[in-house]
>>> print(open('start20.txt').read())   # compact mmCIF, C-alpha atoms and all ligand atoms
# COMPACT_ATOMS: atom_id res chain seq x y z
CA MET A 1 -55.16 -23.73 -58.89
CA ALA A 2 -52.43 -23.26 -56.27
CA SER A 3 -49.28 -21.62 -57.58
CA PRO A 4 -46.22 -23.92 -57.57
CA ALA A 5 -43.91 -23.67 -54.54
CA PRO A 6 -40.91 -21.41 -55.24
CA THR A 7 -37.75 -23.44 -55.77
CA LEU A 8 -34.89 -22.98 -53.35
CA SER A 9 -31.42 -22.47 -54.78
CA PHE A 10 -28.37 -21.79 -52.65
CA ASP A 11 -25.69 -19.26 -53.56
CA THR A 12 -22.29 -20.72 -52.75
CA ALA A 13 -20.22 -18.50 -55.06
CA PHE A 14 -19.55 -15.83 -52.43
CA ASP A 15 -16.03 -14.32 -52.20
CA PRO A 16 -15.81 -12.95 -48.63
CA GLN A 17 -12.47 -11.11 -49.07
CA THR A 18 -11.62 -12.37 -45.58
CA GLY A 19 -10.02 -9.78 -43.31
CA ARG A 20 -10.74 -6.82 -45.63
CA PRO A 21 -13.41 -4.20 -45.00
CA VAL A 22 -16.06 -4.51 -47.73
CA GLN A 23 -18.58 -1.69 -48.18
CA VAL A 24 -22.05 -3.27 -48.38
CA ALA A 25 -23.99 0.03 -48.23
CA PRO A 26 -23.06 3.67 -47.41
CA ASP A 27 -23.28 3.06 -43.64
CA LEU A 28 -22.51 -0.66 -43.58
CA VAL A 29 -19.12 -2.39 -43.82
CA ARG A 30 -18.52 -6.14 -43.64
CA VAL A 31 -15.35 -7.81 -42.31
CA THR A 32 -15.40 -11.61 -42.68
CA ALA A 33 -13.52 -13.70 -40.11
CA PRO A 34 -11.11 -16.53 -41.06
CA ASN A 35 -13.26 -19.26 -39.49
CA ALA A 36 -14.57 -21.03 -42.60
CA SER A 37 -16.00 -24.52 -41.90
CA PRO A 38 -18.88 -26.79 -43.02
CA TYR A 39 -21.08 -25.00 -40.42
CA THR A 40 -19.87 -21.40 -40.93
CA PHE A 41 -19.43 -21.49 -44.75
CA THR A 42 -16.81 -18.81 -45.63
CA GLY A 43 -16.63 -17.57 -42.00
CA THR A 44 -18.58 -15.20 -39.75
CA ASN A 45 -19.44 -11.79 -41.18
CA SER A 46 -18.87 -8.97 -38.67
CA PHE A 47 -20.50 -5.63 -39.54
CA LEU A 48 -19.69 -2.01 -38.77
CA ILE A 49 -22.64 0.36 -38.93
CA GLY A 50 -22.15 4.15 -39.09
CA GLN A 51 -19.40 6.48 -40.23
CA GLU A 52 -18.13 8.83 -37.55
CA ARG A 53 -19.45 6.68 -34.72
CA LEU A 54 -20.00 2.97 -35.05
CA ALA A 55 -21.82 -0.08 -33.82
CA LEU A 56 -20.12 -3.45 -34.25
CA VAL A 57 -22.53 -6.29 -34.99
CA ASP A 58 -21.33 -9.88 -34.34
CA PRO A 59 -17.63 -9.43 -33.52
CA GLY A 60 -17.13 -13.12 -34.35
CA PRO A 61 -14.41 -15.51 -33.19
CA ALA A 62 -11.61 -14.38 -30.82
CA ASP A 63 -9.05 -14.89 -33.57
CA SER A 64 -6.02 -12.58 -33.53
CA LEU A 65 -6.12 -11.98 -37.31
CA HIS A 66 -9.83 -11.12 -37.17
CA LEU A 67 -9.36 -8.82 -34.16
CA ALA A 68 -6.56 -7.02 -36.01
CA ALA A 69 -8.78 -6.67 -39.12
CA LEU A 70 -11.62 -5.23 -37.01
CA ARG A 71 -9.30 -2.75 -35.26
CA GLN A 72 -8.01 -1.63 -38.64
CA ALA A 73 -11.54 -1.20 -40.02
CA ILE A 74 -12.66 0.71 -36.90
CA ASP A 75 -9.61 2.95 -37.34
CA GLY A 76 -9.84 4.73 -33.99
CA ARG A 77 -13.50 5.72 -34.34
CA ARG A 78 -15.77 5.56 -31.32
CA VAL A 79 -17.75 2.29 -31.02
CA ASP A 80 -21.03 3.08 -29.24
CA ALA A 81 -22.14 -0.54 -28.82
CA ILE A 82 -21.26 -4.13 -29.63
CA ILE A 83 -24.46 -5.83 -30.78
CA LEU A 84 -25.05 -9.57 -31.20
CA THR A 85 -27.59 -11.34 -33.38
CA HIS A 86 -27.27 -14.28 -30.95
CA THR A 87 -24.89 -16.02 -28.58
CA HIS A 88 -23.39 -18.85 -30.59
CA LYS A 89 -19.63 -18.59 -30.12
CA ASP A 90 -18.79 -18.06 -33.78
CA HIS A 91 -20.63 -14.71 -33.38
CA SER A 92 -19.87 -13.76 -29.79
CA ASP A 93 -16.47 -15.15 -28.78
CA ALA A 94 -14.61 -11.84 -29.29
CA ALA A 95 -17.39 -9.74 -27.71
CA ALA A 96 -16.19 -9.49 -24.09
CA GLN A 97 -12.57 -8.74 -25.05
CA LEU A 98 -13.56 -6.07 -27.60
CA ALA A 99 -16.10 -4.52 -25.21
CA ARG A 100 -13.32 -4.00 -22.66
CA GLU A 101 -10.81 -2.81 -25.23
CA LEU A 102 -13.19 -0.36 -26.95
CA GLY A 103 -15.07 0.69 -23.80
CA ALA A 104 -18.31 -0.28 -25.57
CA PRO A 105 -21.43 -1.80 -23.96
CA LEU A 106 -22.76 -5.19 -25.07
CA TRP A 107 -26.31 -5.27 -26.38
CA PHE A 108 -28.17 -8.47 -27.30
CA GLY A 109 -31.35 -10.44 -26.74
CA GLY A 110 -30.60 -11.69 -23.23
CA ARG A 111 -28.32 -14.43 -21.95
CA HIS A 112 -28.14 -17.63 -23.92
CA ARG A 113 -31.11 -19.85 -23.11
CA LEU A 114 -32.84 -22.92 -24.48
CA SER A 115 -36.04 -22.74 -26.53
CA ARG A 116 -37.66 -25.22 -24.12
CA PRO A 117 -36.49 -26.95 -20.92
CA LEU A 118 -34.32 -30.06 -21.27
CA ARG A 119 -36.18 -33.35 -20.90
CA ARG A 120 -34.93 -36.01 -18.51
CA PHE A 121 -31.61 -37.47 -19.74
CA GLU A 122 -31.59 -35.04 -22.67
CA ARG A 123 -28.53 -32.95 -23.59
CA ASN A 124 -28.34 -29.93 -25.85
CA PRO A 125 -26.28 -31.36 -28.75
CA ILE A 126 -24.75 -27.95 -29.54
CA ARG A 127 -24.16 -26.85 -25.91
CA ASN A 128 -20.42 -26.41 -26.53
CA SER A 129 -21.09 -23.92 -29.34
CA CYS A 130 -23.13 -21.65 -27.04
CA ASP A 131 -21.79 -18.72 -25.03
CA TRP A 132 -23.50 -19.39 -21.68
CA HIS A 133 -21.57 -16.83 -19.64
CA LEU A 134 -21.92 -13.64 -21.66
CA VAL A 135 -24.18 -11.08 -19.93
CA PRO A 136 -25.64 -8.10 -21.85
CA ASP A 137 -25.32 -4.53 -20.57
CA ARG A 138 -28.66 -3.94 -22.29
CA VAL A 139 -31.22 -6.60 -23.21
CA LEU A 140 -32.66 -5.85 -26.65
CA VAL A 141 -36.29 -6.72 -27.27
CA ASP A 142 -38.52 -6.82 -30.31
CA GLY A 143 -39.45 -3.34 -31.50
CA ASP A 144 -36.49 -1.54 -29.91
CA ARG A 145 -35.13 1.31 -32.01
CA LEU A 146 -31.41 2.05 -31.70
CA MET A 147 -29.66 5.14 -33.05
CA VAL A 148 -26.15 4.47 -34.39
CA ASP A 149 -24.52 7.60 -35.83
CA LYS A 150 -27.10 8.58 -38.50
CA THR A 151 -28.63 5.11 -38.85
CA ARG A 152 -31.70 3.95 -36.99
CA LEU A 153 -31.80 0.21 -36.28
CA GLU A 154 -35.03 -1.68 -35.73
CA VAL A 155 -34.82 -4.82 -33.59
CA ILE A 156 -36.85 -7.78 -34.85
CA ALA A 157 -36.95 -10.82 -32.55
CA THR A 158 -36.35 -13.93 -34.67
CA PRO A 159 -36.12 -16.96 -32.35
CA GLY A 160 -35.85 -20.39 -33.97
CA HIS A 161 -32.18 -20.94 -34.79
CA CYS A 162 -31.78 -20.18 -31.08
CA ALA A 163 -33.98 -18.52 -28.48
CA ASN A 164 -32.27 -15.11 -28.25
CA HIS A 165 -31.80 -14.55 -31.99
CA LEU A 166 -32.46 -11.02 -33.32
CA ALA A 167 -32.47 -9.46 -36.79
CA PHE A 168 -31.74 -5.76 -37.34
CA GLY A 169 -33.40 -3.57 -39.95
CA LEU A 170 -31.66 -0.40 -41.15
CA VAL A 171 -34.71 1.87 -41.06
CA GLY A 172 -35.32 3.77 -44.31
CA THR A 173 -33.25 1.29 -46.34
CA PRO A 174 -34.11 -2.16 -47.79
CA ILE A 175 -31.38 -3.74 -45.63
CA LEU A 176 -32.07 -6.36 -42.97
CA LEU A 177 -29.20 -8.01 -41.06
CA THR A 178 -30.58 -11.53 -40.78
CA GLY A 179 -27.82 -13.18 -38.70
CA ASP A 180 -28.17 -16.97 -38.95
CA HIS A 181 -31.95 -16.85 -39.36
CA VAL A 182 -31.89 -16.55 -43.16
CA MET A 183 -28.68 -17.30 -45.07
CA GLY A 184 -28.24 -17.66 -48.82
CA TRP A 185 -25.65 -20.47 -48.81
CA ASN A 186 -27.70 -23.03 -46.89
CA SER A 187 -30.83 -23.56 -44.85
CA THR A 188 -30.36 -22.67 -41.19
CA LEU A 189 -29.51 -25.32 -38.60
CA VAL A 190 -32.37 -25.69 -36.14
CA SER A 191 -31.33 -27.99 -33.31
CA VAL A 192 -33.66 -28.71 -30.39
CA PRO A 193 -33.79 -27.67 -27.61
CA ASP A 194 -31.34 -24.84 -28.38
CA GLY A 195 -33.66 -23.83 -31.20
CA SER A 196 -37.27 -24.55 -32.17
CA MET A 197 -38.83 -25.23 -35.58
CA ALA A 198 -42.17 -23.71 -34.53
CA ASP A 199 -40.34 -20.50 -33.55
CA TYR A 200 -38.33 -20.65 -36.77
CA PHE A 201 -41.48 -20.76 -38.95
CA ALA A 202 -43.06 -17.92 -36.95
CA SER A 203 -39.92 -15.77 -37.23
CA LEU A 204 -39.66 -16.41 -40.96
CA GLY A 205 -43.20 -15.08 -41.27
CA ARG A 206 -42.26 -11.97 -39.29
CA VAL A 207 -39.21 -11.30 -41.46
CA LEU A 208 -41.27 -11.73 -44.65
CA ALA A 209 -43.84 -9.26 -43.28
CA SER A 210 -41.20 -6.72 -42.17
CA GLY A 211 -40.95 -4.98 -45.56
CA TYR A 212 -37.14 -5.30 -45.83
CA ARG A 213 -35.98 -6.76 -49.14
CA TYR A 214 -32.17 -6.99 -49.11
CA TYR A 215 -31.09 -9.62 -46.59
CA VAL A 216 -27.52 -9.46 -45.30
CA PRO A 217 -26.68 -12.64 -43.36
CA ALA A 218 -23.90 -13.47 -40.89
CA HIS A 219 -22.47 -16.16 -43.18
CA GLY A 220 -22.23 -15.83 -46.97
CA GLY A 221 -23.26 -13.06 -49.32
CA PRO A 222 -26.30 -10.76 -49.44
CA ILE A 223 -29.64 -12.04 -50.75
CA ALA A 224 -30.89 -9.57 -53.38
CA ASP A 225 -34.55 -10.67 -53.29
CA GLY A 226 -34.89 -11.63 -49.63
CA PRO A 227 -38.67 -12.18 -49.57
CA ALA A 228 -38.61 -14.52 -52.62
CA TYR A 229 -35.77 -16.50 -51.04
CA GLY A 230 -37.50 -16.55 -47.63
CA LYS A 231 -40.69 -17.91 -49.21
CA ALA A 232 -38.66 -20.63 -50.95
CA LEU A 233 -37.03 -21.50 -47.60
CA GLU A 234 -40.43 -21.75 -45.97
CA ALA A 235 -41.70 -24.02 -48.76
CA HIS A 236 -38.56 -26.16 -48.40
CA ARG A 237 -39.19 -26.58 -44.66
CA ARG A 238 -42.85 -27.47 -45.26
CA GLN A 239 -41.74 -30.01 -47.85
CA ARG A 240 -39.39 -31.55 -45.23
CA ASN A 241 -42.40 -31.90 -42.91
CA SER A 242 -44.29 -33.78 -45.65
CA GLN A 243 -41.26 -35.96 -46.45
CA ILE A 244 -40.92 -36.96 -42.78
CA ILE A 245 -44.60 -37.93 -42.59
CA ALA A 246 -44.16 -39.94 -45.80
CA ALA A 247 -41.03 -41.65 -44.39
CA VAL A 248 -42.88 -42.60 -41.19
CA SER A 249 -45.82 -43.97 -43.13
CA ALA A 250 -43.33 -45.99 -45.22
CA GLY A 251 -42.03 -47.68 -42.06
CA ALA A 252 -39.24 -45.42 -40.73
CA HIS A 253 -39.89 -45.00 -36.99
CA SER A 254 -36.52 -43.81 -35.60
CA VAL A 255 -34.55 -40.59 -36.19
CA PRO A 256 -31.68 -42.47 -37.94
CA ALA A 257 -34.14 -44.34 -40.20
CA ILE A 258 -36.02 -41.14 -41.15
CA THR A 259 -32.75 -39.25 -41.71
CA GLY A 260 -31.50 -42.11 -43.92
CA LYS A 261 -34.59 -41.79 -46.12
CA LEU A 262 -34.41 -37.99 -46.37
CA TYR A 263 -30.65 -37.62 -46.74
CA PRO A 264 -29.39 -40.91 -48.25
CA ASP A 265 -25.97 -39.75 -49.48
CA VAL A 266 -24.68 -37.00 -47.19
CA PRO A 267 -21.21 -37.13 -45.58
CA LEU A 268 -21.01 -37.94 -41.85
CA ALA A 269 -20.32 -34.36 -40.71
CA ILE A 270 -23.47 -33.18 -42.49
CA LYS A 271 -25.45 -36.24 -41.33
CA VAL A 272 -25.10 -35.06 -37.71
CA ALA A 273 -26.69 -31.73 -38.67
CA ALA A 274 -29.30 -33.55 -40.76
CA ARG A 275 -30.34 -35.64 -37.74
CA MET A 276 -30.65 -32.50 -35.61
CA THR A 277 -32.85 -30.90 -38.28
CA VAL A 278 -35.03 -34.04 -38.52
CA MET A 279 -35.43 -34.01 -34.72
CA ALA A 280 -36.56 -30.36 -34.86
CA HIS A 281 -39.14 -31.19 -37.57
CA ILE A 282 -40.39 -34.21 -35.59
CA GLU A 283 -40.98 -32.03 -32.51
CA TYR A 284 -42.83 -29.52 -34.66
CA LEU A 285 -45.00 -32.23 -36.21
CA GLU A 286 -45.63 -33.74 -32.77
CA SER A 287 -46.81 -30.40 -31.35
CA SER A 288 -49.11 -29.87 -34.34
CA GLY A 289 -50.60 -33.37 -33.82
CA ALA A 290 -49.32 -34.82 -37.13
CA LEU A 291 -46.99 -37.37 -35.46
CA ARG A 292 -46.94 -39.30 -32.20
CA VAL A 293 -43.62 -39.66 -30.41
CA SER A 294 -42.70 -42.07 -27.61
CA ARG A 295 -39.49 -41.28 -25.78
CA ARG A 296 -37.42 -44.25 -24.65
CA PRO A 297 -33.96 -44.40 -23.08
CA TRP A 298 -32.46 -45.62 -26.41
CA GLY A 299 -34.19 -43.04 -28.60
CA LEU A 300 -37.46 -41.85 -30.04
CA ARG A 301 -40.12 -43.97 -31.67
CA VAL A 302 -42.14 -41.96 -34.15
CA ALA A 303 -45.54 -43.02 -35.45
CA LEU A 304 -48.49 -41.52 -37.31
ZN ZN B 401 -25.74 -19.57 -34.78
>>> encode(input="start20.txt", output="structure tokens")
Amino acid sequence: MASPAPTLSFDTAFDPQTGRPVQVAPDLVRVTAPNASPYTFTGTNSFLIGQERLALVDPGPADSLHLAALRQAIDGRRVDAIILTHTHKDHSDAAAQLARELGAPLWFGGRHRLSRPLRRFERNPIRNSCDWHLVPDRVLVDGDRLMVDKTRLEVIATPGHCANHLAFGLVGTPILLTGDHVMGWNSTLVSVPDGSMADYFASLGRVLASGYRYYVPAHGGPIADGPAYGKALEAHRRQRNSQIIAAVSAGAHSVPAITGKLYPDVPLAIKVAARMTVMAHIEYLESSGALRVSRRPWGLRVAL
């Protein structure tokens, strides 16, 4: 008999202590930015790795209070690199200014790019949240090892939320910085064509196989049993696939109709994200042959 799917429960009780340096581990300090919102939860978590010398991961929004909090936490120590999990602006907006100010190079997974080319008449719905102009001094790729003070970082490519997304393992510890790929407060937004659900599933598998157990995301608190939570997330996404197929077979053939069946009572701001997620699942199910999609000027028609 198959074991039951693990249940997914979100942790929304996190106190970020916004603006204060919080020690997460001996060589890891978190400073949360004051940019709380329905999409960023309690704000972006910036991280300082190291003790005498530092790396700054995800400098976050170019907010004067946050910049002051980061300067205070850095406290005059040398910053060897500014590293990004990805180039959504809530992670990267302060990067160029801080790189100049600290004389630190910018390292990330290449310039912002789409997970697939735009179709005719298609627009990336989250294009304004992306940092299209930021150029890395060093392009990080899967398997890179980076030495920061006494900590060795392992780069794990985790596309899905967006194409250049990376996670960072602190080698010799259970800690994995998961960025927006796995977060404890909510499932990750996957919006096509900025992101890709097929990539997201594949990256989740890679993270689960990486051996790290303590996931430290870029929004919200740490996840104590990362693999158990990641498996529950995966099951939740697979269940969404099944629900969409069921909705189509029950007569829902458009994205709004399918979204209405899956998320009947969500507020408008969340409904926009829900539609993006449904679109990402539909593309995934189309590519795996489970659904047929016809694209028309007024929207998609989805059929079995
Ligand atoms: Zn993001």
>>> residues_around(input="start20.txt", residues="Leu114 of chain A", least_positions_apart="2", cutoff="8 Å", atoms="all atoms listed in the file", output="tab-separated table (two decimals) with C-alpha atoms, in the coordinates of the input")
chain	number	residue	atom	x	y	z
A	112	HIS	CA	-28.14	-17.63	-23.92
A	116	ARG	CA	-37.66	-25.22	-24.12
A	117	PRO	CA	-36.49	-26.95	-20.92
A	118	LEU	CA	-34.32	-30.06	-21.27
A	162	CYS	CA	-31.78	-20.18	-31.08
A	163	ALA	CA	-33.98	-18.52	-28.48
A	193	PRO	CA	-33.79	-27.67	-27.61
A	194	ASP	CA	-31.34	-24.84	-28.38
A	195	GLY	CA	-33.66	-23.83	-31.20
>>> closest_residue(input="start20.txt", among="A:Ser254, A:Thr277, A:Thr85, A:Ser242", to="Val293 of chain A", atoms="all atoms listed in the file")
A:Ser254
>>> residues_near_ligand(input="start20.txt", ligand="ligand ZN 401 (chain B)", cutoff="9 Å", atoms="all atoms listed in the file", output="list in words")
Thr40, Thr85, His86, Thr87, His88, Lys89, Asp90, His91, Ser129, Cys130, His161, Cys162, His165, Gly179, Asp180, His181, Thr188, Leu189 and Ala218 of chain A
>>> closest_residue(input="start20.txt", among="A:Ile245, A:Ala13, A:Ile270, A:Phe41", to="Glu286 of chain A", atoms="only C-alpha atoms")
A:Ile245
>>> residues_around(input="start20.txt", residues="segment 63-79 of chain A", least_positions_apart="5", cutoff="6 Å", atoms="only C-alpha atoms", output="tab-separated table (two decimals) with C-alpha atoms, in the coordinates of the input")
chain	number	residue	atom	x	y	z
A	19	GLY	CA	-10.02	-9.78	-43.31
A	33	ALA	CA	-13.52	-13.70	-40.11
A	53	ARG	CA	-19.45	6.68	-34.72
A	54	LEU	CA	-20.00	2.97	-35.05
A	55	ALA	CA	-21.82	-0.08	-33.82
>>> residues_around(input="start20.txt", residues="Ala232 of chain A", least_positions_apart="5", cutoff="10 Å", atoms="all atoms listed in the file", output="JSON, numbers by chain")
{"A": [5, 6, 7, 8, 9, 226, 227, 237, 238]}
>>> atom_distance(input="start20.txt", atom1="atom CA of Val31 of chain A", atom2="atom CA of Asn186 of chain A")
20.1 Å
>>> closest_residue(input="start20.txt", among="A:Ile126, A:Val171, A:Ala274, A:Ala257", to="Lys150 of chain A", atoms="all atoms listed in the file")
A:Val171
>>> residues_around(input="start20.txt", residues="Pro256 of chain A", least_positions_apart="2", cutoff="12 Å", atoms="all atoms listed in the file", output="list in words")
Ile244, Ala247, Val248, Ala252, His253, Ser254, Ile258, Thr259, Gly260, Lys261, Leu262, Tyr263, Pro264, Lys271, Val272, Ala273, Ala274, Arg275, Met276, Thr277, Val278, Met279, Trp298, Gly299, Leu300, Arg301 and Val302 of chain A
>>> residues_around(input="start20.txt", residues="Tyr215 of chain A", least_positions_apart="4", cutoff="8 Å", atoms="all atoms listed in the file", output="PDB file with C-alpha atoms, in the frame of the given file")
ATOM      1  CA  ILE A 175     -31.380  -3.740 -45.630  1.00  0.00           C
ATOM      2  CA  LEU A 176     -32.070  -6.360 -42.970  1.00  0.00           C
ATOM      3  CA  LEU A 177     -29.200  -8.010 -41.060  1.00  0.00           C
ATOM      4  CA  THR A 178     -30.580 -11.530 -40.780  1.00  0.00           C
ATOM      5  CA  VAL A 182     -31.890 -16.550 -43.160  1.00  0.00           C
ATOM      6  CA  PRO A 222     -26.300 -10.760 -49.440  1.00  0.00           C
ATOM      7  CA  ILE A 223     -29.640 -12.040 -50.750  1.00  0.00           C
ATOM      8  CA  ALA A 224     -30.890  -9.570 -53.380  1.00  0.00           C
ATOM      9  CA  ASP A 225     -34.550 -10.670 -53.290  1.00  0.00           C
ATOM     10  CA  GLY A 226     -34.890 -11.630 -49.630  1.00  0.00           C
TER      11      GLY A 226
END
>>> atom_distance(input="start20.txt", atom1="atom CA of Ala290 of chain A", atom2="atom CA of Asp265 of chain A")
26.9 Å
>>> closest_residue(input="start20.txt", among="A:Ile282, A:Leu233, A:Ala81, A:Val207", to="Leu56 of chain A", atoms="all atoms listed in the file")
A:Ala81
>>> atom_distance(input="start20.txt", atom1="atom CA of Phe108 of chain A", atom2="atom CA of Leu208 of chain A")
22.0 Å
>>> closest_residue(input="start20.txt", among="A:Asp93, A:Asn124, A:Asp131, A:Val139", to="Gly110 of chain A", atoms="all atoms listed in the file")
A:Val139
>>> closest_residue(input="start20.txt", among="A:Ala280, A:Ile49, A:Leu304, A:Ala95", to="Leu146 of chain A", atoms="only C-alpha atoms")
A:Ile49
